[in-house]
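Novice: Quick one: the structure is below, questions incoming.
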Amino acid sequence: TSDIPGSTYLWTTTETTPNIIVSPNSTTTYGVTVTSPDGCITTDEVTITVYPNPVLTINADANVLCDGETANLTVTSDISGTTFLWSTTETTPNISVSPSGTTVYTVTGTSPMGCTGTAEIEITVNPLPVVTVNATASEICDGESVTITATSDIPGSTYLWTTTETTPAIIVSPNSTTTYGVTVTSPDGCTTTDEVTITVYPNPVLTINADANIICDGETANLTVSSNIPGTTFLWS
C-alpha cells in the first residue's frame, strides 16, 4: 500500500495490482516498485519462506496376505520430526493390520513446520479355501474300506492328507478308530485344514461248542455258539 493516492505498482512478477497471489515452490523474495502520480518511486520487498512437504515411504513385510494373517506397515519421512496419522487413526510409524479384505491404508505426515504429505499402500487379502470332507461311511467294521473325499470352493486347490496322499479322494481301511486330516492349499497359497474320524468296530469272535463231536447215525449233537460281543445275533448255515 502507498500513502499517496493514485500510486501505481509494478511487481517483480510483472503484475501491476496492489495485491498479488503467489504460490512459490521455494523460498522467494517478491519486490514491488511504487510510483506516485508525481513520478516519485519507492521500492520494497517481502520474502516468502517455503518449507518442503514431507515425502513419505511405506514399507510392508507382506503386501499379499491370506485371510486372518497380519502385515506390519512402517512409514518413514525425509524430514526429521515428522508426525504421522494413519487411516486407522494410529499415530505410530509402525502399525500391524489384519484386514478381512483387500484394503488401502493411507498415512498423513506433518513436518515440524506444519507441512503435510501423504502416502498409501494396498494390502491384498486372498480368501482361505472352504473345505468339506465327506466319507462314504463314518462307522465301519474291521476289514472294511471307506472312501473319504475333500472338496474346496476354490478351483485349482491342492490336497495333502495325513496319509501323504495328494488326491481329493482316498480309500482307507483302518483297523482301529482313526482320524484322517487334510490340508487344502489354494492357488494363492492360502491353506485350510479339516479332518474326519472313521470309527472302527471289532468283528465278533465266535466260539462253537458241541456236546458231542462224534455221533452215530441217528444220534443228535447239540451245538452252542457264543460271541465275545454282547448282543451279537447269529445265522446258522
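Here, A, B, ... name the chains of the C-alpha cells in the order displayed, residue numbers run from 1 inside each chain, and ligands are numbered from 1 in the same displayed order.
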Where does range 47-131 of chain A meet range 5-27 of chain A within 12 Å, residue by residue, with the nearest atom pair and distance in Å to one decimal for each, counting only C-alpha atoms, listed by chain and rising number, as a tab-separated table?
Specialist:
residue	atom	partner	partner_atom	distance
A:Thr47	CA	A:Thr27	CA	7.2
A:Ile48	CA	A:Thr27	CA	5.6
A:Thr49	CA	A:Thr27	CA	4.3
A:Val50	CA	A:Thr27	CA	4.7
A:Tyr51	CA	A:Ser26	CA	7.4
A:Pro52	CA	A:Ser26	CA	7.9
A:Asn53	CA	A:Asn25	CA	10.2
Novice: Please save N, CA and C atoms of the selected residues as a short mmCIF file (atom, residue, chain, number, x, y, z; two decimals), in the first residue's frame.
Specialist:
data_model
loop_
_atom_site.label_atom_id
_atom_site.label_comp_id
_atom_site.auth_asym_id
_atom_site.auth_seq_id
_atom_site.Cartn_x
_atom_site.Cartn_y
_atom_site.Cartn_z
N THR A 47 9.94 -11.45 1.68
CA THR A 47 10.42 -12.81 1.42
C THR A 47 9.42 -13.82 1.96
N ILE A 48 9.02 -14.72 1.10
CA ILE A 48 8.11 -15.81 1.48
C ILE A 48 8.97 -17.07 1.62
N THR A 49 9.03 -17.56 2.86
CA THR A 49 9.80 -18.78 3.12
C THR A 49 8.93 -20.00 2.84
N VAL A 50 9.42 -20.90 2.04
CA VAL A 50 8.67 -22.12 1.67
C VAL A 50 9.36 -23.33 2.29
N TYR A 51 8.60 -24.05 3.11
CA TYR A 51 9.10 -25.29 3.70
C TYR A 51 8.61 -26.46 2.86
N PRO A 52 9.43 -27.46 2.67
CA PRO A 52 9.02 -28.60 1.84
C PRO A 52 7.99 -29.48 2.56
N ASN A 53 7.15 -30.12 1.76
CA ASN A 53 6.26 -31.15 2.30
C ASN A 53 7.06 -32.43 2.53
#
Novice: Name the residues in contact with Ala71 in chain A at a cut-off of 10 Å, using only C-alpha atoms, excluding same-chain residues fewer than 2 positions from it; report them as a ChimeraX atom specification.
Specialist: /A:60-65,69,73-74,95-99,123
Novice: Please identify which residues in chain A DSSP calls strand (DSSP E or B) from the backbone, and express them as a ChimeraX atom specification.
Specialist: /A:8-11,28-35,41-48,56-60,64-66,71-77,83-86,94-97,103-110,116-126,131-135,139-141,146-152,158-161,169-172,178-185,191-201,206-210,223-227
Novice: Of the residues A:Ile4, A:Val184, A:Thr207, A:Thr177, which is the one nearest to Glu139 in chain A, using only C-alpha atoms?
Specialist: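 Ranking A:Ile4, A:Val184, A:Thr207, A:Thr177 by distance to Glu139 in chain A, first place goes to A:Thr177.
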Novice: Using only C-alpha atoms, which residue out of A:Cys66, A:Ile58, A:Cys141, A:Val146 lies closest to Pro202 in chain A?
Specialist: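 Of A:Cys66, A:Ile58, A:Cys141, A:Val146, the one nearest Pro202 in chain A is A:Cys141, counting only C-alpha atoms.
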Novice: Just how far from CA of Thr102 in chain A is CA of Asp194 in chain A, in Å to one decimal?
Specialist: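 Distance reported for this atom pair: 25.5 Å.
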Novice: Taking only C-alpha atoms into account, which of A:Ser152, A:Thr57, A:Thr167, A:Ser2 comes nearest Ile41 in chain A?
Specialist: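 Checking each of A:Ser152, A:Thr57, A:Thr167, A:Ser2 against Ile41 in chain A, counting only C-alpha atoms, the winner is A:Ser2.
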Novice: May I ask for the distance between CA of Asn213 in chain A and CA of Ser227 in chain A, given in Å to one decimal place?
Specialist: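 Going from CA of Asn213 in chain A over to CA of Ser227 in chain A, I get 20.0 Å.
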Novice: Counting only C-alpha atoms, figure out which residue out of A:Ile198, A:Val46, A:Ala119, A:Ile215 gets nearest to Ala137 in chain A.
Specialist: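 Nearest to Ala137 in chain A: A:Ile198.
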Novice: Kindly give the distance, in Å, that separates CA of Thr191 in chain A and CA of Pro129 in chain A, rounded to a single decimal.
Specialist: 6.6 Å
Novice: Would you pick out the contacts of range 87-90 of chain A at 7 Å or less, using only C-alpha atoms, so that residues sharing its chain but fewer than 5 positions from it are not included, and give the list as a ChimeraX atom specification?
Specialist: /A:105-107
Novice: Could you save the residues just selected, with C-alpha atoms, as a CSV table (one decimal), in the first residue's frame?
Specialist:
chain,number,residue,atom,x,y,z
A,105,TYR,CA,-4.1,-47.8,4.1
A,106,THR,CA,-3.3,-44.1,4.0
A,107,VAL,CA,-0.9,-42.1,6.2
Novice: Mind checking which residues fall within 7 Å of Ser100 in chain A, counting only C-alpha atoms, ignoring those fewer than 4 positions away in the same chain, and posting them as an mmCIF file with C-alpha atoms, in the first residue's frame?
Specialist:
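Writing the result to out34.cif gives the following:
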data_model
loop_
_atom_site.group_PDB
_atom_site.id
_atom_site.type_symbol
_atom_site.label_atom_id
_atom_site.label_comp_id
_atom_site.auth_asym_id
_atom_site.auth_seq_id
_atom_site.Cartn_x
_atom_site.Cartn_y
_atom_site.Cartn_z
ATOM 1 C CA ASP A 67 -7.419 -64.063 5.331
ATOM 2 C CA GLY A 68 -6.559 -63.965 9.035
ATOM 3 C CA VAL A 125 -6.130 -60.344 1.020
#
Novice: Return the single residue from A:Asn59, A:Thr29, A:Ser77, A:Thr158 that is closest to Glu122 in chain A, with distances computed using only C-alpha atoms.
Specialist: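 For Glu122 in chain A, the nearest of the given residues is A:Asn59.
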Novice: I'd like to know which of A:Thr82, A:Thr183, A:Asn209, A:Thr149 is closest to Leu223 in chain A, using only C-alpha atoms.
Specialist: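 With only C-alpha atoms as the atom set, the closest residue is A:Asn209.
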Novice: Could you pull the residues within 9 Å of Asn203 in chain A, counting only C-alpha atoms, minus those fewer than 4 positions along the same chain, as a PyMOL selection string?
Specialist: chain A and resi 141-143+229
Novice: Generate the output file for the selected residues, N, CA, C and O atoms, as a PDB file, in the first residue's frame.
Specialist:
ATOM      1  N   CYS A 141     -16.807-101.835  10.087  1.00  0.00           N
ATOM      2  CA  CYS A 141     -16.278-102.982  10.818  1.00  0.00           C
ATOM      3  C   CYS A 141     -14.843-103.224  10.367  1.00  0.00           C
ATOM      4  O   CYS A 141     -14.453-102.867   9.240  1.00  0.00           O
ATOM      5  N   ASP A 142     -14.073-103.798  11.264  1.00  0.00           N
ATOM      6  CA  ASP A 142     -12.667-104.096  10.966  1.00  0.00           C
ATOM      7  C   ASP A 142     -12.575-104.899   9.674  1.00  0.00           C
ATOM      8  O   ASP A 142     -13.303-105.880   9.478  1.00  0.00           O
ATOM      9  N   GLY A 143     -11.691-104.431   8.778  1.00  0.00           N
ATOM     10  CA  GLY A 143     -11.517-105.111   7.496  1.00  0.00           C
ATOM     11  C   GLY A 143     -12.245-104.445   6.351  1.00  0.00           C
ATOM     12  O   GLY A 143     -11.968-104.742   5.182  1.00  0.00           O
ATOM     13  N   ILE A 229     -18.850-110.435  21.958  1.00  0.00           N
ATOM     14  CA  ILE A 229     -19.522-109.132  21.943  1.00  0.00           C
ATOM     15  C   ILE A 229     -20.987-109.340  22.291  1.00  0.00           C
ATOM     16  O   ILE A 229     -21.724-109.999  21.538  1.00  0.00           O
TER      17      ILE A 229
END
Novice: Do a neighbour search on Thr92 in chain A at 9 Å with only C-alpha atoms, toss out local chain neighbours closer than 6 positions, and write the hits as a list in words.
Specialist: Thr74, Val75, Thr83, Phe84, Leu85 and Trp86 of chain A
